[in-house]
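> Take a look at the following structure, please.
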Amino acid sequence: MSEKALIETRDLKQHFPLRKGLFGGKSQVVKAVDGISIEIPRRSVLGLVGESGSGKSTFGQAVMGLTKPTAGSMTFDGIDMATASSAELRGLKRRMQMVFQDPFSSLNPRMSVAETLGVPLRFHEPQLNGAQRKDRAAEMLERVGLPGQYVDRFPHEFSGGQRQRIGIARALMVHPDFIMADEVVSALDVSVQAQVLNLFGRLQRDLELTMLFITHDLAVVGHVSDFVAVMYLGRVVEIAPTRELFSSPKHPYTEALLSAAPTPQTKNRRQRIVLKGDIPSPLNPPSGCPFRTRCPYALEECAHSTPELREFASGHKAACIRDDLSLASATQQQKEPA
Amino acid sequence: MAAATEQIQTNSKLRFFESRTLRRFVRHRLAITGLVMIVGIGILCVVGPWLLPHDMLDINIRDRFSPPLTDTFIMGTDEMGRDLAARLFMAGRVSLMVGIAAMILSTLIGTVIGLVAGYFGKVTGTVLMRLTDSFLCFPQIFLLLTLAAFLEPNAFMITLIIAVTSWMEVARIVSAEIRSLRERDFITAARISGASHRWIMFRELLPNTIGPIIVAATLTIAKAILLEAYVSFLGYGIQPPMPSWGNMLNNAQQFLDTAPWLAIIPGIAITAAVTSFNFIGDGLRDALDARSDAQ
């Protein structure tokens, strides 16, 4: 990463206090995001995977500045979001946009497509008049693969996939540099997922976007991202270039995730690594390595201290104390019959 | 082909859920009955006084206490021989105007307070909602009578007093609605788009709460008409000689056994207007609730 990263977080934490009853008692803290340091280089896509409750969406919200992080910093293009002046922040916010998970609640049902797409323009390019905004909306609609004359329609007249395209168009209206996509295809049919993902891929290349792509679907992540970060219980347990992560995972959790992804073969089914139990409660995480309670390779030392990310290969980091593991890759798992 | 495209375009302009709402409303028999009755009462009150041969202030000593359908007095006359029909229609103008004006005012107050409380939440929201609750603590009718006793009783003041004592329900409905809407993704999207608080409140949130507001507003008219009648009946409201349905009742009570029509006719007018507005409100509530289509 010779060029400076566009997005950089340093030990970002997002804790939520839980109040117990009216008169307190001991208040507990949910550590939804517990110290994440990542970099997203310009024009690249970082896929963030993890199961529900791992804190990936919370992290995404903190990156977007929707919540104030408890600790740590988030820099965008070299500017620290926490210390930026409000004028700087305003400029930054134009450059960071977001696409949402649920295409049904992300569009205002009372606004036509032209109005919805016009909102970012109203506030970031106030010199435009209504007709100009509408032209821009129609242009952008064609860019995301919908006919430009649909600008006068209302959200209920569109299918889920079309609505998601409108959501993407809205994010692109003000020419952002960075897009945060939070589970953007998980609400869609599989056939539509592919179309929307291809659209993302094309737009990312054409507009040279930097993206944070949050999902729980490994196949999706493999398709769109240059790098993948795997999250577990509020921490990143492994981060690597996509191909590398799939071919030689270094963290047992990643291995288990890869084994769980479905394959098209009926014969030679890969060996599935079934994790015991559920993800532990972030209210009361296990001591030491957060994954040790479900890890098939756990040692006694794993309970002592929380492992930090360390470099296994260039650009490939994992938070596991064991060097001696030879974990199965996605393809190995397929080839070796059970 | 061109015709087909045009067809699609006109369809898309017609807001589909609104037309469905309309259809559900039209199918609601009571609501339509109520609407027809209110329109009828409205037309009578506006046009009626001109069509009748008597002015509401004309005193005919010889024709005192004529029962309904005597000569040209279709509803009879009162203790001074004034035409009851003319008085009833003029009173209707006053009562309906007070009801509608009070509704507009109280809905405005309630909507703004509910919107601000629901949107900002936290301290602002809590303070505003506690204020609303504290208003709700007083029985409305005592609050109304107390205020009416201190202020000059005319139509404008009565409207103001009714509005000030009946905005709370709208405020609570709106704030509850806003609190749930504000968590939806399209609000986050507006925030990310750089939208101001004012834009989010009035352009993103408010249009989505119009349904419940309209229902509450309709029911508020019914309540306001009833309150005006109540206060005027007790003598603190609209003062004679200006008639209102309430003070007509006040007058009539001393002649209840000799000239019962003096009480019955304005009583029917109040009942008809109030039930009609309530029916319309119920119909709107059902029509705006998309779940009622599921049956």
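Starting from 1 in every chain, residues are counted up; chains themselves are A, B, ... following the order of the structure tokens, and ligands are numbered from 1 as listed.
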Please check the contacts: residues of chain B at most 7 Å away from chain A, using only C-alpha atoms, listed as a PDB file with N, CA and C atoms, in the first residue's frame.


```pdb
ATOM      1  N   SER B  12     -48.854   5.551 -13.461  1.00  0.00           N
ATOM      2  CA  SER B  12     -47.822   5.766 -12.469  1.00  0.00           C
ATOM      3  C   SER B  12     -48.016   7.114 -11.783  1.00  0.00           C
ATOM      4  N   LYS B  13     -48.658   8.054 -12.484  1.00  0.00           N
ATOM      5  CA  LYS B  13     -48.883   9.344 -11.839  1.00  0.00           C
ATOM      6  C   LYS B  13     -49.942   9.234 -10.754  1.00  0.00           C
ATOM      7  N   ARG B 184     -36.264   4.561  10.528  1.00  0.00           N
ATOM      8  CA  ARG B 184     -36.223   3.910   9.218  1.00  0.00           C
ATOM      9  C   ARG B 184     -35.013   4.392   8.426  1.00  0.00           C
ATOM     10  N   ASP B 185     -34.596   3.520   7.494  1.00  0.00           N
ATOM     11  CA  ASP B 185     -33.377   3.814   6.742  1.00  0.00           C
ATOM     12  C   ASP B 185     -33.465   5.092   5.914  1.00  0.00           C
ATOM     13  N   PHE B 186     -34.665   5.430   5.435  1.00  0.00           N
ATOM     14  CA  PHE B 186     -34.695   6.597   4.551  1.00  0.00           C
ATOM     15  C   PHE B 186     -34.396   7.889   5.299  1.00  0.00           C
ATOM     16  N   ALA B 189     -30.702   7.883   5.430  1.00  0.00           N
ATOM     17  CA  ALA B 189     -30.254   8.259   4.085  1.00  0.00           C
ATOM     18  C   ALA B 189     -30.320   9.775   3.906  1.00  0.00           C
ATOM     19  N   ILE B 192     -27.462  11.331   5.728  1.00  0.00           N
ATOM     20  CA  ILE B 192     -26.206  11.166   5.001  1.00  0.00           C
ATOM     21  C   ILE B 192     -26.171  12.089   3.788  1.00  0.00           C
ATOM     22  N   SER B 193     -27.354  12.355   3.215  1.00  0.00           N
ATOM     23  CA  SER B 193     -27.412  13.267   2.074  1.00  0.00           C
ATOM     24  C   SER B 193     -27.163  14.708   2.485  1.00  0.00           C
ATOM     25  N   GLY B 194     -27.025  14.949   3.771  1.00  0.00           N
ATOM     26  CA  GLY B 194     -26.742  16.302   4.236  1.00  0.00           C
ATOM     27  C   GLY B 194     -27.984  17.119   4.533  1.00  0.00           C
ATOM     28  N   ALA B 195     -29.154  16.466   4.621  1.00  0.00           N
ATOM     29  CA  ALA B 195     -30.399  17.206   4.835  1.00  0.00           C
ATOM     30  C   ALA B 195     -30.435  17.850   6.214  1.00  0.00           C
ATOM     31  N   GLU B 204     -39.548  14.796   5.055  1.00  0.00           N
ATOM     32  CA  GLU B 204     -39.407  13.342   5.058  1.00  0.00           C
ATOM     33  C   GLU B 204     -40.389  12.695   6.039  1.00  0.00           C
ATOM     34  N   PRO B 207     -44.929  14.079   5.877  1.00  0.00           N
ATOM     35  CA  PRO B 207     -45.829  13.500   4.878  1.00  0.00           C
ATOM     36  C   PRO B 207     -46.199  12.044   5.181  1.00  0.00           C
ATOM     37  N   ASN B 208     -45.353  11.349   5.917  1.00  0.00           N
ATOM     38  CA  ASN B 208     -45.646   9.960   6.226  1.00  0.00           C
ATOM     39  C   ASN B 208     -46.553   9.799   7.441  1.00  0.00           C
TER      40      ASN B 208
END
```

> Can you list, as a PDB file with N, CA and C atoms, in the first residue's frame, every protein, DNA or RNA residue that comes within 7 Å of region 65-68 of chain B when you count only C-alpha atoms, leaving out same-chain residues fewer than 4 positions away?


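Generated file (part-v9.pdb):
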```pdb
ATOM      1  N   PHE B  73     -93.131  28.570   9.175  1.00  0.00           N
ATOM      2  CA  PHE B  73     -92.116  28.212  10.188  1.00  0.00           C
ATOM      3  C   PHE B  73     -91.940  26.704  10.184  1.00  0.00           C
ATOM      4  N   ILE B  74     -91.026  26.203   9.330  1.00  0.00           N
ATOM      5  CA  ILE B  74     -90.958  24.747   9.183  1.00  0.00           C
ATOM      6  C   ILE B  74     -90.495  24.043  10.459  1.00  0.00           C
ATOM      7  N   MET B  75     -89.726  24.743  11.282  1.00  0.00           N
ATOM      8  CA  MET B  75     -89.291  24.107  12.528  1.00  0.00           C
ATOM      9  C   MET B  75     -89.939  24.780  13.734  1.00  0.00           C
ATOM     10  N   GLY B  76     -90.917  25.595  13.495  1.00  0.00           N
ATOM     11  CA  GLY B  76     -91.592  26.274  14.596  1.00  0.00           C
ATOM     12  C   GLY B  76     -90.860  27.537  15.010  1.00  0.00           C
ATOM     13  N   THR B  77     -91.334  28.128  16.125  1.00  0.00           N
ATOM     14  CA  THR B  77     -90.708  29.365  16.611  1.00  0.00           C
ATOM     15  C   THR B  77     -90.395  29.238  18.100  1.00  0.00           C
ATOM     16  N   ASP B  78     -89.583  30.178  18.592  1.00  0.00           N
ATOM     17  CA  ASP B  78     -89.218  30.136  20.013  1.00  0.00           C
ATOM     18  C   ASP B  78     -90.068  31.103  20.830  1.00  0.00           C
ATOM     19  N   GLU B  79     -89.611  31.423  22.061  1.00  0.00           N
ATOM     20  CA  GLU B  79     -90.428  32.206  22.984  1.00  0.00           C
ATOM     21  C   GLU B  79     -90.644  33.647  22.526  1.00  0.00           C
ATOM     22  N   GLY B  81     -91.027  34.215  19.168  1.00  0.00           N
ATOM     23  CA  GLY B  81     -91.597  34.083  17.835  1.00  0.00           C
ATOM     24  C   GLY B  81     -90.558  34.141  16.738  1.00  0.00           C
ATOM     25  N   ALA B 259     -92.639  23.414  24.939  1.00  0.00           N
ATOM     26  CA  ALA B 259     -92.178  23.503  23.555  1.00  0.00           C
ATOM     27  C   ALA B 259     -90.941  22.632  23.362  1.00  0.00           C
TER      28      ALA B 259
END
```

> Just want the 12 Å neighbourhood of Leu35 (chain B), counted on only C-alpha atoms, with same-chain residues fewer than 5 positions away dropped. Output as a PDB file with N, CA and C atoms, in the first residue's frame.


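That gives us result-v4.pdb:
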```
ATOM      1  N   PHE B  25     -62.353   3.766   1.451  1.00  0.00           N
ATOM      2  CA  PHE B  25     -63.199   4.743   2.129  1.00  0.00           C
ATOM      3  C   PHE B  25     -64.608   4.720   1.548  1.00  0.00           C
ATOM      4  N   VAL B  26     -64.686   4.663   0.229  1.00  0.00           N
ATOM      5  CA  VAL B  26     -65.992   4.687  -0.438  1.00  0.00           C
ATOM      6  C   VAL B  26     -66.805   3.453  -0.062  1.00  0.00           C
ATOM      7  N   HIS B  28     -66.814   2.072   2.769  1.00  0.00           N
ATOM      8  CA  HIS B  28     -67.172   2.162   4.184  1.00  0.00           C
ATOM      9  C   HIS B  28     -68.524   2.869   4.276  1.00  0.00           C
ATOM     10  N   ARG B  29     -69.599   2.118   4.481  1.00  0.00           N
ATOM     11  CA  ARG B  29     -70.942   2.703   4.376  1.00  0.00           C
ATOM     12  C   ARG B  29     -71.187   3.817   5.381  1.00  0.00           C
ATOM     13  N   LEU B  30     -70.817   3.576   6.637  1.00  0.00           N
ATOM     14  CA  LEU B  30     -71.085   4.585   7.661  1.00  0.00           C
ATOM     15  C   LEU B  30     -70.361   5.889   7.350  1.00  0.00           C
ATOM     16  N   GLY B  40     -74.597  17.767   3.650  1.00  0.00           N
ATOM     17  CA  GLY B  40     -75.972  18.272   3.700  1.00  0.00           C
ATOM     18  C   GLY B  40     -76.131  19.361   4.745  1.00  0.00           C
ATOM     19  N   ILE B  41     -75.653  19.076   5.955  1.00  0.00           N
ATOM     20  CA  ILE B  41     -75.756  20.065   7.031  1.00  0.00           C
ATOM     21  C   ILE B  41     -75.010  21.344   6.637  1.00  0.00           C
ATOM     22  N   GLY B  42     -73.839  21.170   6.052  1.00  0.00           N
ATOM     23  CA  GLY B  42     -73.036  22.316   5.637  1.00  0.00           C
ATOM     24  C   GLY B  42     -73.785  23.181   4.634  1.00  0.00           C
ATOM     25  N   THR B 218     -60.192  14.806  12.142  1.00  0.00           N
ATOM     26  CA  THR B 218     -61.629  14.634  11.914  1.00  0.00           C
ATOM     27  C   THR B 218     -62.354  14.394  13.236  1.00  0.00           C
ATOM     28  N   ALA B 272     -76.277  14.814  15.020  1.00  0.00           N
ATOM     29  CA  ALA B 272     -76.019  14.442  13.625  1.00  0.00           C
ATOM     30  C   ALA B 272     -74.614  14.870  13.206  1.00  0.00           C
ATOM     31  N   ALA B 273     -74.252  16.106  13.537  1.00  0.00           N
ATOM     32  CA  ALA B 273     -72.933  16.602  13.121  1.00  0.00           C
ATOM     33  C   ALA B 273     -71.825  15.795  13.790  1.00  0.00           C
ATOM     34  N   VAL B 274     -71.979  15.589  15.114  1.00  0.00           N
ATOM     35  CA  VAL B 274     -70.910  14.902  15.846  1.00  0.00           C
ATOM     36  C   VAL B 274     -70.771  13.455  15.385  1.00  0.00           C
ATOM     37  N   THR B 275     -71.888  12.724  15.273  1.00  0.00           N
ATOM     38  CA  THR B 275     -71.767  11.328  14.838  1.00  0.00           C
ATOM     39  C   THR B 275     -71.233  11.255  13.409  1.00  0.00           C
ATOM     40  N   SER B 276     -71.640  12.195  12.550  1.00  0.00           N
ATOM     41  CA  SER B 276     -71.139  12.157  11.180  1.00  0.00           C
ATOM     42  C   SER B 276     -69.622  12.292  11.148  1.00  0.00           C
ATOM     43  N   PHE B 277     -69.116  13.272  11.903  1.00  0.00           N
ATOM     44  CA  PHE B 277     -67.659  13.439  11.916  1.00  0.00           C
ATOM     45  C   PHE B 277     -66.974  12.205  12.491  1.00  0.00           C
ATOM     46  N   ASN B 278     -67.592  11.607  13.505  1.00  0.00           N
ATOM     47  CA  ASN B 278     -66.991  10.399  14.056  1.00  0.00           C
ATOM     48  C   ASN B 278     -66.998   9.256  13.048  1.00  0.00           C
ATOM     49  N   PHE B 279     -68.085   9.119  12.306  1.00  0.00           N
ATOM     50  CA  PHE B 279     -68.146   8.073  11.283  1.00  0.00           C
ATOM     51  C   PHE B 279     -67.075   8.298  10.222  1.00  0.00           C
ATOM     52  N   ILE B 280     -66.951   9.565   9.799  1.00  0.00           N
ATOM     53  CA  ILE B 280     -65.938   9.868   8.777  1.00  0.00           C
ATOM     54  C   ILE B 280     -64.548   9.518   9.306  1.00  0.00           C
ATOM     55  N   GLY B 281     -64.313   9.890  10.569  1.00  0.00           N
ATOM     56  CA  GLY B 281     -63.019   9.584  11.182  1.00  0.00           C
ATOM     57  C   GLY B 281     -62.748   8.094  11.201  1.00  0.00           C
ATOM     58  N   ASP B 282     -63.763   7.320  11.616  1.00  0.00           N
ATOM     59  CA  ASP B 282     -63.597   5.866  11.642  1.00  0.00           C
ATOM     60  C   ASP B 282     -63.326   5.321  10.251  1.00  0.00           C
ATOM     61  N   GLY B 283     -64.076   5.851   9.279  1.00  0.00           N
ATOM     62  CA  GLY B 283     -63.908   5.386   7.902  1.00  0.00           C
ATOM     63  C   GLY B 283     -62.507   5.686   7.400  1.00  0.00           C
ATOM     64  N   LEU B 284     -62.018   6.883   7.697  1.00  0.00           N
ATOM     65  CA  LEU B 284     -60.666   7.256   7.269  1.00  0.00           C
ATOM     66  C   LEU B 284     -59.635   6.360   7.934  1.00  0.00           C
TER      67      LEU B 284
END
```

> Could you list, as a PyMOL selection string, every residue within 9 Å of Gln253 (chain B), counting only C-alpha atoms and ignoring same-chain residues fewer than 5 positions away?

chain B and resi 248+260+262-263

> Near Val170 (chain B), within 10 Å and counting only C-alpha atoms, which residues show up once chain neighbours fewer than 5 positions away are dropped, as a PyMOL selection string?

chain B and resi 106-114+175-176+212-217+220

> CA of Val144 (chain A) and CA of Gly201 (chain A) are how many Å apart?

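Computing the Euclidean distance for CA of Val144 (chain A) and CA of Gly201 (chain A) yields 11.5 Å.
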
> List the neighbours of region 241-258 of chain A out to 10 Å using only C-alpha atoms; skip same-chain residues closer than 4 positions along the sequence, and give me the result as a PyMOL selection string.

chain A and resi 45-47+49-51+216-219+221-232+237+262+271-275+291-292+294-298+312-333

> Using only C-alpha atoms, can you tell me which of B:Thr146, B:Thr159, B:Thr165, B:Asn247 comes closest to Thr132 (chain B)?

B:Thr165

> From the list B:Pro153, B:Gly246, B:Pro49, B:Gly267, which residue is nearest Ala224 (chain B) when using only C-alpha atoms?

B:Gly246

> What does the distance from CA of Arg93 (chain B) to CA of Ala287 (chain B) come to in Å, to one decimal?

28.9 Å

> Can you measure CA of Met97 (chain B) to CA of Ile161 (chain B) for me? One decimal in Å is fine.

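Separation between CA of Met97 (chain B) and CA of Ile161 (chain B): 14.1 Å.
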
> Using only C-alpha atoms, determine which residues lie at most 6 Å from region 127-142 of chain A, disregarding the query and same-chain residues fewer than 3 positions distant; provide the list as a short mmCIF file (atom, residue, chain, number, x, y, z; two decimals) with N, CA, C and O atoms, in the first residue's frame.


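Written out: out00.cif:
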```cif
data_model
loop_
_atom_site.label_atom_id
_atom_site.label_comp_id
_atom_site.auth_asym_id
_atom_site.auth_seq_id
_atom_site.Cartn_x
_atom_site.Cartn_y
_atom_site.Cartn_z
N ALA A 114 -37.39 11.14 -8.55
CA ALA A 114 -36.70 12.40 -8.81
C ALA A 114 -36.48 13.18 -7.51
O ALA A 114 -35.42 13.73 -7.27
N LEU A 117 -33.80 11.32 -5.33
CA LEU A 117 -32.44 11.51 -5.83
C LEU A 117 -32.03 12.98 -5.76
O LEU A 117 -30.84 13.30 -5.77
N GLY A 118 -33.02 13.87 -5.68
CA GLY A 118 -32.71 15.30 -5.64
C GLY A 118 -32.26 15.78 -4.27
O GLY A 118 -31.62 16.82 -4.17
N GLY A 145 -28.91 1.48 -14.67
CA GLY A 145 -29.63 0.47 -15.43
C GLY A 145 -31.14 0.56 -15.37
O GLY A 145 -31.81 -0.44 -15.56
N LEU A 146 -31.67 1.74 -15.07
CA LEU A 146 -33.13 1.90 -15.12
C LEU A 146 -33.45 2.98 -16.14
O LEU A 146 -32.66 3.91 -16.32
N PRO A 147 -34.60 2.88 -16.82
CA PRO A 147 -34.95 3.91 -17.80
C PRO A 147 -35.10 5.28 -17.13
O PRO A 147 -35.67 5.38 -16.04
N GLY A 148 -34.57 6.30 -17.79
CA GLY A 148 -34.58 7.64 -17.22
C GLY A 148 -35.97 8.19 -16.97
O GLY A 148 -36.18 8.99 -16.07
N VAL A 151 -38.18 8.52 -13.42
CA VAL A 151 -37.96 9.47 -12.33
C VAL A 151 -39.25 9.94 -11.66
O VAL A 151 -39.23 10.35 -10.51
N ALA A 169 -28.18 4.74 -6.93
CA ALA A 169 -28.18 6.01 -7.66
C ALA A 169 -28.14 7.18 -6.69
O ALA A 169 -27.40 8.15 -6.89
#
```

> When DSSP is applied to the backbone of this structure, which of region 64-276 of chain A are assigned helix (DSSP H, G or I)? Write them out as an MDAnalysis selection string.

chainID A and resid 86:95 113:124 130:143 148:152 155:157 160:172 190:207 218:224 242:247 252:260

> Measuring between only C-alpha atoms, which one of B:Ala190, B:Leu57, B:Val231, B:Ala85 shows the shortest distance to Leu44 (chain B)?

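Closest to Leu44 (chain B) of all the choices is B:Ala85.
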